[in-house]
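Data block for entry.cif (mmCIF, C-alpha atoms):
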data_protein
#
loop_
_atom_site.group_PDB
_atom_site.id
_atom_site.type_symbol
_atom_site.label_atom_id
_atom_site.label_comp_id
_atom_site.auth_asym_id
_atom_site.auth_seq_id
_atom_site.Cartn_x
_atom_site.Cartn_y
_atom_site.Cartn_z
ATOM 1 C CA MET V 21 116.827 117.822 150.268
ATOM 2 C CA ALA V 22 113.709 116.926 148.260
ATOM 3 C CA ALA V 23 112.557 119.517 145.785
ATOM 4 C CA GLU V 24 109.558 121.488 146.978
ATOM 5 C CA LYS V 25 106.410 120.777 144.972
ATOM 6 C CA SER V 26 104.845 123.674 143.145
ATOM 7 C CA PRO V 27 101.247 124.416 144.122
ATOM 8 C CA VAL V 28 98.560 123.359 141.668
ATOM 9 C CA LEU V 29 97.095 126.515 140.179
ATOM 10 C CA PHE V 30 94.706 124.997 137.656
ATOM 11 C CA GLU V 31 93.360 121.509 137.068
ATOM 12 C CA ARG V 32 90.451 119.766 135.398
ATOM 13 C CA THR V 33 87.340 119.617 137.530
ATOM 14 C CA SER V 34 86.300 116.072 138.433
ATOM 15 C CA ALA V 35 82.826 116.674 136.966
ATOM 16 C CA LEU V 36 84.420 116.587 133.498
ATOM 17 C CA THR V 37 85.815 113.493 131.827
ATOM 18 C CA ASP V 38 89.204 113.517 130.132
ATOM 19 C CA LYS V 39 87.544 113.304 126.711
ATOM 20 C CA VAL V 40 88.806 115.980 124.302
ATOM 21 C CA THR V 41 85.914 118.138 123.084
ATOM 22 C CA ASN V 42 85.068 118.389 119.394
ATOM 23 C CA TYR V 43 84.231 122.100 119.277
ATOM 24 C CA CYS V 44 85.695 124.418 116.649
ATOM 25 C CA PRO V 45 88.518 126.822 117.582
ATOM 26 C CA GLY V 46 87.013 129.942 119.119
ATOM 27 C CA CYS V 47 83.699 128.312 120.032
ATOM 28 C CA LEU V 48 82.631 129.162 123.574
ATOM 29 C CA HIS V 49 80.855 125.860 124.282
ATOM 30 C CA GLY V 50 83.977 124.498 125.943
ATOM 31 C CA ILE V 51 84.247 127.369 128.432
ATOM 32 C CA THR V 52 80.558 127.150 129.301
ATOM 33 C CA GLN V 53 80.596 123.390 129.779
ATOM 34 C CA ARG V 54 83.533 123.731 132.130
ATOM 35 C CA LEU V 55 81.647 126.357 134.158
ATOM 36 C CA VAL V 56 78.682 124.003 134.480
ATOM 37 C CA ALA V 57 80.944 121.185 135.657
ATOM 38 C CA GLU V 58 82.791 123.451 138.107
ATOM 39 C CA SER V 59 79.463 124.610 139.563
ATOM 40 C CA LEU V 60 78.312 121.039 140.128
ATOM 41 C CA ASP V 61 81.650 120.208 141.739
ATOM 42 C CA ARG V 62 81.751 123.306 143.913
ATOM 43 C CA LEU V 63 78.203 122.788 145.198
ATOM 44 C CA GLY V 64 78.741 119.077 145.839
ATOM 45 C CA LEU V 65 76.079 118.098 143.303
ATOM 46 C CA ALA V 66 78.125 116.187 140.725
ATOM 47 C CA ASP V 67 77.413 112.743 142.180
ATOM 48 C CA THR V 68 73.642 113.224 142.043
ATOM 49 C CA ALA V 69 73.346 115.376 138.911
ATOM 50 C CA VAL V 70 71.708 114.207 135.698
ATOM 51 C CA GLY V 71 72.234 116.252 132.542
ATOM 52 C CA VAL V 72 70.152 116.182 129.378
ATOM 53 C CA SER V 73 72.030 116.514 126.075
ATOM 54 C CA PRO V 74 70.445 118.359 123.132
ATOM 55 C CA VAL V 75 70.609 117.831 119.404
ATOM 56 C CA GLY V 76 73.141 120.273 117.999
ATOM 57 C CA CYS V 77 76.813 121.028 118.511
ATOM 58 C CA ALA V 78 76.604 119.759 122.110
ATOM 59 C CA VAL V 79 74.874 116.523 121.111
ATOM 60 C CA ILE V 80 77.663 114.418 122.638
ATOM 61 C CA ALA V 81 77.894 116.404 125.871
ATOM 62 C CA TYR V 82 77.304 113.071 127.593
ATOM 63 C CA GLU V 83 80.908 112.207 126.734
ATOM 64 C CA PHE V 84 82.272 115.307 128.459
ATOM 65 C CA TYR V 85 80.484 115.225 131.845
ATOM 66 C CA SER V 86 81.246 112.577 134.445
ATOM 67 C CA CYS V 87 77.737 112.760 135.923
ATOM 68 C CA ASP V 88 74.814 110.733 134.559
ATOM 69 C CA MET V 89 73.522 112.010 131.215
ATOM 70 C CA VAL V 90 70.442 111.382 129.084
ATOM 71 C CA GLN V 91 70.178 112.074 125.335
ATOM 72 C CA ALA V 92 66.920 113.786 124.336
ATOM 73 C CA ALA V 93 65.308 114.045 120.928
ATOM 74 C CA HIS V 94 65.645 117.413 119.194
ATOM 75 C CA GLY V 95 64.049 120.123 121.331
ATOM 76 C CA ARG V 96 62.640 117.748 123.938
ATOM 77 C CA ALA V 97 65.245 118.289 126.662
ATOM 78 C CA PRO V 98 62.908 120.263 128.992
ATOM 79 C CA ALA V 99 60.255 117.533 128.710
ATOM 80 C CA VAL V 100 62.824 114.824 129.469
ATOM 81 C CA ALA V 101 64.206 116.896 132.341
ATOM 82 C CA THR V 102 60.672 117.308 133.706
ATOM 83 C CA GLY V 103 60.207 113.547 133.821
ATOM 84 C CA LEU V 104 63.593 113.013 135.448
ATOM 85 C CA LYS V 105 63.006 115.631 138.149
ATOM 86 C CA ARG V 106 59.517 114.406 138.974
ATOM 87 C CA ALA V 107 60.711 110.801 139.168
ATOM 88 C CA ARG V 108 63.901 111.672 141.086
ATOM 89 C CA PRO V 109 63.288 114.991 142.881
ATOM 90 C CA GLU V 110 66.389 114.470 145.024
ATOM 91 C CA ASN V 111 68.622 114.651 141.941
ATOM 92 C CA THR V 112 69.934 117.848 140.313
ATOM 93 C CA ILE V 113 68.597 117.951 136.755
ATOM 94 C CA PHE V 114 69.938 120.261 134.063
ATOM 95 C CA THR V 115 69.627 120.674 130.315
ATOM 96 C CA TYR V 116 72.320 122.058 128.021
ATOM 97 C CA GLN V 117 70.786 123.415 124.800
ATOM 98 C CA GLY V 118 71.523 125.571 121.781
ATOM 99 C CA ASP V 119 69.247 128.185 120.236
ATOM 100 C CA GLY V 120 67.890 125.903 117.513
ATOM 101 C CA ASP V 121 67.132 123.156 120.017
ATOM 102 C CA LEU V 122 65.611 125.397 122.693
ATOM 103 C CA ALA V 123 64.127 128.351 120.826
ATOM 104 C CA SER V 124 62.923 126.695 117.624
ATOM 105 C CA ILE V 125 61.791 123.072 117.671
ATOM 106 C CA GLY V 126 61.842 123.035 121.477
ATOM 107 C CA MET V 127 60.158 126.371 122.197
ATOM 108 C CA ALA V 128 56.876 124.771 123.294
ATOM 109 C CA GLU V 129 58.653 122.438 125.710
ATOM 110 C CA THR V 130 60.689 125.355 127.069
ATOM 111 C CA ILE V 131 57.715 127.645 127.654
ATOM 112 C CA HIS V 132 55.527 124.995 129.236
ATOM 113 C CA ALA V 133 58.268 123.684 131.539
ATOM 114 C CA ALA V 134 58.925 127.287 132.578
ATOM 115 C CA THR V 135 55.299 128.231 133.166
ATOM 116 C CA ARG V 136 54.766 125.059 135.223
ATOM 117 C CA GLY V 137 57.744 126.071 137.340
ATOM 118 C CA GLU V 138 59.546 122.779 136.825
ATOM 119 C CA ASN V 139 62.431 122.729 139.285
ATOM 120 C CA ILE V 140 65.204 122.299 136.702
ATOM 121 C CA THR V 141 68.188 124.330 135.503
ATOM 122 C CA VAL V 142 68.514 125.176 131.817
ATOM 123 C CA ILE V 143 71.827 126.249 130.268
ATOM 124 C CA PHE V 144 71.034 127.949 126.955
ATOM 125 C CA ILE V 145 73.756 128.697 124.392
ATOM 126 C CA ASN V 146 72.833 131.517 122.010
ATOM 127 C CA ASN V 147 75.195 131.869 119.033
ATOM 128 C CA ALA V 148 72.565 133.340 116.675
ATOM 129 C CA ILE V 149 72.844 130.508 114.149
ATOM 130 C CA TYR V 150 72.348 126.782 113.600
ATOM 131 C CA GLY V 151 75.859 125.491 114.227
ATOM 132 C CA MET V 152 75.928 121.721 113.705
ATOM 133 C CA THR V 153 73.781 121.588 110.572
ATOM 134 C CA GLY V 154 75.711 124.108 108.508
ATOM 135 C CA GLY V 155 74.870 127.643 109.566
ATOM 136 C CA GLN V 156 71.201 128.199 108.753
ATOM 137 C CA MET V 157 69.162 131.085 110.153
ATOM 138 C CA ALA V 158 68.001 130.460 113.718
ATOM 139 C CA PRO V 159 65.260 132.087 115.821
ATOM 140 C CA THR V 160 68.036 134.175 117.378
ATOM 141 C CA THR V 161 69.725 135.281 114.132
ATOM 142 C CA LEU V 162 70.063 139.068 114.165
ATOM 143 C CA PRO V 163 68.314 141.416 111.705
ATOM 144 C CA GLY V 164 70.448 141.652 108.567
ATOM 145 C CA GLN V 165 72.707 138.767 109.645
ATOM 146 C CA ILE V 166 73.938 136.597 106.753
ATOM 147 C CA THR V 167 73.481 132.842 107.081
ATOM 148 C CA GLN V 168 73.206 129.905 104.683
ATOM 149 C CA THR V 169 69.442 130.438 104.449
ATOM 150 C CA SER V 170 69.539 134.238 104.600
ATOM 151 C CA PRO V 171 72.337 135.053 102.124
ATOM 152 C CA TYR V 172 71.174 138.675 101.866
ATOM 153 C CA GLY V 173 70.719 139.039 105.615
ATOM 154 C CA ARG V 174 67.743 138.277 107.825
ATOM 155 C CA ASP V 175 64.731 140.182 106.527
ATOM 156 C CA VAL V 176 62.477 140.805 109.525
ATOM 157 C CA LYS V 177 59.499 141.492 107.243
ATOM 158 C CA ALA V 178 59.713 137.933 105.927
ATOM 159 C CA ALA V 179 61.305 136.032 108.826
ATOM 160 C CA GLY V 180 60.191 138.089 111.816
ATOM 161 C CA ASN V 181 62.362 139.467 114.574
ATOM 162 C CA PRO V 182 64.832 137.453 116.658
ATOM 163 C CA ILE V 183 63.481 135.952 119.880
ATOM 164 C CA ARG V 184 64.834 137.341 123.127
ATOM 165 C CA VAL V 185 64.408 134.239 125.266
ATOM 166 C CA CYS V 186 65.193 135.626 128.725
ATOM 167 C CA GLU V 187 62.874 138.581 128.237
ATOM 168 C CA LEU V 188 60.118 136.237 127.040
ATOM 169 C CA LEU V 189 60.440 133.734 129.896
ATOM 170 C CA SER V 190 60.783 136.404 132.575
ATOM 171 C CA SER V 191 57.059 137.124 132.223
ATOM 172 C CA LEU V 192 56.111 133.609 133.377
ATOM 173 C CA ASP V 193 55.183 132.975 137.007
ATOM 174 C CA GLY V 194 57.013 129.639 137.235
ATOM 175 C CA VAL V 195 60.421 131.132 136.424
ATOM 176 C CA ALA V 196 62.706 131.626 139.433
ATOM 177 C CA LEU V 197 65.745 132.914 137.543
ATOM 178 C CA ALA V 198 66.274 134.223 134.016
ATOM 179 C CA GLN V 199 69.728 135.656 133.436
ATOM 180 C CA ARG V 200 71.827 136.344 130.348
ATOM 181 C CA VAL V 201 75.625 136.270 130.447
ATOM 182 C CA THR V 202 78.553 136.010 128.069
ATOM 183 C CA VAL V 203 81.981 134.383 128.349
ATOM 184 C CA ASP V 204 84.033 136.554 125.988
ATOM 185 C CA THR V 205 86.382 137.970 128.653
ATOM 186 C CA PRO V 206 87.824 136.722 131.969
ATOM 187 C CA SER V 207 85.616 139.168 133.850
ATOM 188 C CA ASN V 208 82.506 137.941 132.052
ATOM 189 C CA VAL V 209 83.508 134.319 132.608
ATOM 190 C CA ARG V 210 83.509 134.978 136.358
ATOM 191 C CA LYS V 211 80.065 136.589 136.142
ATOM 192 C CA ALA V 212 78.772 133.633 134.125
ATOM 193 C CA ALA V 213 80.166 131.200 136.701
ATOM 194 C CA LYS V 214 78.224 132.963 139.464
ATOM 195 C CA ALA V 215 75.009 132.923 137.406
ATOM 196 C CA ILE V 216 75.296 129.209 136.651
ATOM 197 C CA ARG V 217 75.965 128.396 140.309
ATOM 198 C CA LYS V 218 72.911 130.461 141.244
ATOM 199 C CA GLY V 219 70.804 128.442 138.800
ATOM 200 C CA PHE V 220 71.802 125.216 140.552
ATOM 201 C CA GLU V 221 71.384 126.748 144.014
ATOM 202 C CA TYR V 222 67.841 127.824 143.184
ATOM 203 C CA GLN V 223 67.025 124.295 142.087
ATOM 204 C CA ARG V 224 68.464 122.938 145.338
ATOM 205 C CA GLU V 225 66.195 125.346 147.215
ATOM 206 C CA GLY V 226 63.173 124.228 145.173
ATOM 207 C CA LEU V 227 62.412 127.677 143.782
ATOM 208 C CA GLY V 228 61.368 126.615 140.271
ATOM 209 C CA PHE V 229 62.615 126.959 136.711
ATOM 210 C CA SER V 230 65.998 128.624 136.106
ATOM 211 C CA ILE V 231 67.509 129.558 132.755
ATOM 212 C CA ILE V 232 70.989 130.951 132.188
ATOM 213 C CA GLU V 233 71.472 132.178 128.633
ATOM 214 C CA VAL V 234 75.085 132.344 127.456
ATOM 215 C CA LEU V 235 75.980 134.451 124.412
ATOM 216 C CA SER V 236 78.494 132.549 122.291
ATOM 217 C CA SER V 237 80.416 132.980 119.068
ATOM 218 C CA CYS V 238 80.377 130.585 116.098
ATOM 219 C CA PRO V 239 83.505 131.442 114.067
ATOM 220 C CA THR V 240 83.065 128.590 111.584
ATOM 221 C CA ASN V 241 79.521 129.423 110.486
ATOM 222 C CA TRP V 242 79.973 133.160 110.871
ATOM 223 C CA GLY V 243 82.946 132.856 108.504
ATOM 224 C CA MET V 244 85.333 134.647 110.842
ATOM 225 C CA THR V 245 88.511 134.061 112.789
ATOM 226 C CA PRO V 246 87.999 133.408 116.523
ATOM 227 C CA TYR V 247 89.243 136.930 117.327
ATOM 228 C CA LYS V 248 86.951 138.599 114.786
ATOM 229 C CA ALA V 249 84.032 136.485 116.005
ATOM 230 C CA LEU V 250 84.480 137.810 119.535
ATOM 231 C CA GLU V 251 84.570 141.333 118.177
ATOM 232 C CA TRP V 252 81.364 140.690 116.211
ATOM 233 C CA LEU V 253 79.687 139.270 119.315
ATOM 234 C CA ARG V 254 80.543 142.393 121.312
ATOM 235 C CA GLU V 255 79.552 144.830 118.588
ATOM 236 C CA ASN V 256 76.344 143.116 117.442
ATOM 237 C CA MET V 257 74.997 140.442 119.786
ATOM 238 C CA ILE V 258 75.521 142.167 123.119
ATOM 239 C CA PRO V 259 73.618 145.339 122.083
ATOM 240 C CA TYR V 260 70.675 143.225 120.870
ATOM 241 C CA TYR V 261 70.853 140.701 123.724
ATOM 242 C CA PRO V 262 72.034 142.735 126.740
ATOM 243 C CA PRO V 263 73.467 140.615 129.563
ATOM 244 C CA GLY V 264 71.668 140.994 132.855
ATOM 245 C CA VAL V 265 69.181 139.525 135.297
ATOM 246 C CA TYR V 266 65.693 139.519 133.797
ATOM 247 C CA LYS V 267 63.984 137.740 136.687
ATOM 248 C CA ASP V 268 65.191 136.706 140.120
ATOM 249 C CA VAL V 269 62.613 135.648 142.697
ATOM 250 C CA LYS V 270 65.065 136.351 145.509
ATOM 251 C CA ALA V 271 66.114 139.798 144.291
ATOM 252 C CA GLY V 272 63.678 141.530 146.616
ATOM 253 C CA GLU V 273 64.933 139.816 149.761
#

Written as structure tokens, how would this file's structure read?
Amino acid sequence: MAAEKSPVLFERTSALTDKVTNYCPGCLHGITQRLVAESLDRLGLADTAVGVSPVGCAVIAYEFYSCDMVQAAHGRAPAVATGLKRARPENTIFTYQGDGDLASIGMAETIHAATRGENITVIFINNAIYGMTGGQMAPTTLPGQITQTSPYGRDVKAAGNPIRVCELLSSLDGVALAQRVTVDTPSNVRKAAKAIRKGFEYQREGLGFSIIEVLSSCPTNWGMTPYKALEWLRENMIPYYPPGVYKDVKAGE
């Protein structure tokens, strides 16, 4: 008698390539990128999706997704995504950006794409630091947080306060969805998966600009082990950047 095959419990989604990612141990980029790919797969959008890669740790995201990808100049992903969506409105267009790319050099592009209500989905990774370039202070670096360019901690009198992106964008009329999540626990991963799927569903329905902010750790530049970095995220980032829905145009239905 032939041996009975065991059921497949877990496998790589077809929206990801078999390329091994280059992220540091404990970095949460890998989890988030998988959730994006799974959402595209689950919604049947992978064959028509076009992603826009940032400049930063995810600069070679085009090697990890099996859908079409475009590489944007630093901070210009929302502008590139705008052009793609207007030229090919039938395609699903998303950007995948870090806090330096989106909230610093790309803040103008982000705000104007949002206020115009461009029908795109933005995945925003907030790890409170510049990751790829060596750990400098970012617009999202917390008060008192030590970085390469704030060795005594961020001084808000000199550098200003961190930018809360979801709260800022939620005030704009063109935004359909602004939600912050984290992927530090299995429960939170499931919540993040639902938020990312919602961002793509809202684009499919033509509701406007969606942004899903994902709180992430950066063990290498924080100078911590992966475990300690998750602890630091929970104790410091989550209180300052509370997960939640900051705008949802369908919430009142």

Practice task
Tell me, as a PyMOL selection string, which residues lie within 10 Å of Gly173 of chain V, counting only C-alpha atoms; anything in the same chain fewer than 3 positions away does not count.
Solution key: chain V and resi 157+161-170+176

Exercise for the section: Expand the PyMOL selection byres ((chain V and resi 268) around 9) into the individual residues it matches in the shown file, reporting them as a list in words. Expected result: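 What the PyMOL selection byres ((chain V and resi 268) around 9) grabs from the file is Ser190, Val195, Ala196, Leu197, Ala198, Gln199, Val265, Tyr266, Lys267, Val269, Lys270, Ala271 and Gly272 of chain V.
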
Exercise for the section: To one decimal in Å, tell me the separation between atom CA of Ala97 of chain V and atom CA of Val142 of chain V. Expected result: 9.2 Å

Handout entry: Proximity to Phe114 of chain V - best of V:Val70, V:Val234, V:Pro159, V:Arg224, all atoms listed in the file
Key =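 Checking each candidate against Phe114 of chain V, we get V:Val70 as the closest.
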
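Closest to Pro171 of chain V among V:Leu55, V:Pro109, V:Ile232, V:Trp242 is V:Trp242, based on only C-alpha atoms.
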
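Nearest residue to Ala35 of chain V, choosing from V:Pro239, V:Gly64, V:Pro74, V:Gly50 and counting all atoms listed in the file: V:Gly64.
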
Practice task
Find the residues near segment 253-256 of chain V: any atom within 12 Å, counting all atoms listed in the file, skip ones fewer than 6 places away on the same chain, and give them as a list of chain:residue names.
Solution key: V:Gly46, V:Cys47, V:Leu48, V:Asn146, V:Asn147, V:Ala148, V:Thr161, V:Leu162, V:Pro163, V:Gly164, V:Gln165, V:Thr202, V:Val203, V:Asp204, V:Thr205, V:Asn208, V:Val234, V:Leu235, V:Ser236, V:Ser237, V:Cys238, V:Pro239, V:Trp242, V:Met244, V:Pro246, V:Tyr247, V:Pro262, V:Pro263

Practice task
Place a sphere of radius 10 Å on (73.2, 121.8, 114.4) in the file coordinates and name every protein, DNA or RNA residue with an atom inside or on its surface, counting only C-alpha atoms; give the answer as a PyMOL selection string.
Solution key: chain V and resi 74-79+94+118-121+149-156

Please write N, CA and C atoms of segment 166-187 of chain V, from the structure given just now, as a PDB file, in the first residue's frame.
ATOM      1  N   ILE V 166      18.926  56.909  20.934  1.00  0.00           N
ATOM      2  CA  ILE V 166      20.315  57.039  20.479  1.00  0.00           C
ATOM      3  C   ILE V 166      20.454  56.475  19.077  1.00  0.00           C
ATOM      4  N   THR V 167      21.060  57.262  18.192  1.00  0.00           N
ATOM      5  CA  THR V 167      21.383  56.822  16.842  1.00  0.00           C
ATOM      6  C   THR V 167      22.789  57.294  16.508  1.00  0.00           C
ATOM      7  N   GLN V 168      23.258  57.001  15.312  1.00  0.00           N
ATOM      8  CA  GLN V 168      24.588  57.449  14.895  1.00  0.00           C
ATOM      9  C   GLN V 168      24.702  58.966  14.863  1.00  0.00           C
ATOM     10  N   THR V 169      23.603  59.646  14.552  1.00  0.00           N
ATOM     11  CA  THR V 169      23.637  61.115  14.496  1.00  0.00           C
ATOM     12  C   THR V 169      22.962  61.771  15.690  1.00  0.00           C
ATOM     13  N   SER V 170      22.525  60.965  16.648  1.00  0.00           N
ATOM     14  CA  SER V 170      22.037  61.517  17.923  1.00  0.00           C
ATOM     15  C   SER V 170      22.616  60.662  19.049  1.00  0.00           C
ATOM     16  N   PRO V 171      23.947  60.732  19.234  1.00  0.00           N
ATOM     17  CA  PRO V 171      24.613  59.836  20.196  1.00  0.00           C
ATOM     18  C   PRO V 171      24.199  60.078  21.640  1.00  0.00           C
ATOM     19  N   TYR V 172      23.611  61.240  21.926  1.00  0.00           N
ATOM     20  CA  TYR V 172      23.126  61.524  23.276  1.00  0.00           C
ATOM     21  C   TYR V 172      21.598  61.419  23.352  1.00  0.00           C
ATOM     22  N   GLY V 173      21.000  60.894  22.307  1.00  0.00           N
ATOM     23  CA  GLY V 173      19.552  60.766  22.252  1.00  0.00           C
ATOM     24  C   GLY V 173      18.919  61.917  21.483  1.00  0.00           C
ATOM     25  N   ARG V 174      17.812  61.658  20.843  1.00  0.00           N
ATOM     26  CA  ARG V 174      17.146  62.709  20.069  1.00  0.00           C
ATOM     27  C   ARG V 174      16.681  63.827  20.994  1.00  0.00           C
ATOM     28  N   ASP V 175      17.155  65.023  20.711  1.00  0.00           N
ATOM     29  CA  ASP V 175      16.788  66.219  21.460  1.00  0.00           C
ATOM     30  C   ASP V 175      15.670  66.909  20.692  1.00  0.00           C
ATOM     31  N   VAL V 176      14.453  66.872  21.204  1.00  0.00           N
ATOM     32  CA  VAL V 176      13.324  67.424  20.460  1.00  0.00           C
ATOM     33  C   VAL V 176      13.411  68.944  20.321  1.00  0.00           C
ATOM     34  N   LYS V 177      14.161  69.601  21.211  1.00  0.00           N
ATOM     35  CA  LYS V 177      14.322  71.054  21.078  1.00  0.00           C
ATOM     36  C   LYS V 177      15.153  71.402  19.847  1.00  0.00           C
ATOM     37  N   ALA V 178      16.089  70.523  19.498  1.00  0.00           N
ATOM     38  CA  ALA V 178      16.937  70.779  18.333  1.00  0.00           C
ATOM     39  C   ALA V 178      16.415  70.096  17.073  1.00  0.00           C
ATOM     40  N   ALA V 179      15.902  68.864  17.220  1.00  0.00           N
ATOM     41  CA  ALA V 179      15.519  68.068  16.055  1.00  0.00           C
ATOM     42  C   ALA V 179      14.014  67.977  15.842  1.00  0.00           C
ATOM     43  N   GLY V 180      13.229  68.526  16.768  1.00  0.00           N
ATOM     44  CA  GLY V 180      11.787  68.416  16.651  1.00  0.00           C
ATOM     45  C   GLY V 180      11.286  67.061  17.132  1.00  0.00           C
ATOM     46  N   ASN V 181       9.981  66.913  17.113  1.00  0.00           N
ATOM     47  CA  ASN V 181       9.353  65.679  17.547  1.00  0.00           C
ATOM     48  C   ASN V 181       9.223  64.691  16.397  1.00  0.00           C
ATOM     49  N   PRO V 182       9.148  63.401  16.706  1.00  0.00           N
ATOM     50  CA  PRO V 182       8.923  62.400  15.659  1.00  0.00           C
ATOM     51  C   PRO V 182       7.592  62.633  14.946  1.00  0.00           C
ATOM     52  N   ILE V 183       7.531  62.227  13.687  1.00  0.00           N
ATOM     53  CA  ILE V 183       6.321  62.386  12.886  1.00  0.00           C
ATOM     54  C   ILE V 183       5.458  61.140  13.011  1.00  0.00           C
ATOM     55  N   ARG V 184       4.219  61.334  13.407  1.00  0.00           N
ATOM     56  CA  ARG V 184       3.244  60.252  13.421  1.00  0.00           C
ATOM     57  C   ARG V 184       2.492  60.272  12.085  1.00  0.00           C
ATOM     58  N   VAL V 185       2.910  59.416  11.176  1.00  0.00           N
ATOM     59  CA  VAL V 185       2.462  59.502   9.788  1.00  0.00           C
ATOM     60  C   VAL V 185       0.975  59.206   9.634  1.00  0.00           C
ATOM     61  N   CYS V 186       0.476  58.157  10.261  1.00  0.00           N
ATOM     62  CA  CYS V 186      -0.944  57.829  10.105  1.00  0.00           C
ATOM     63  C   CYS V 186      -1.846  58.941  10.644  1.00  0.00           C
ATOM     64  N   GLU V 187      -1.470  59.490  11.791  1.00  0.00           N
ATOM     65  CA  GLU V 187      -2.256  60.576  12.359  1.00  0.00           C
ATOM     66  C   GLU V 187      -2.241  61.793  11.423  1.00  0.00           C
TER      67      GLU V 187
END
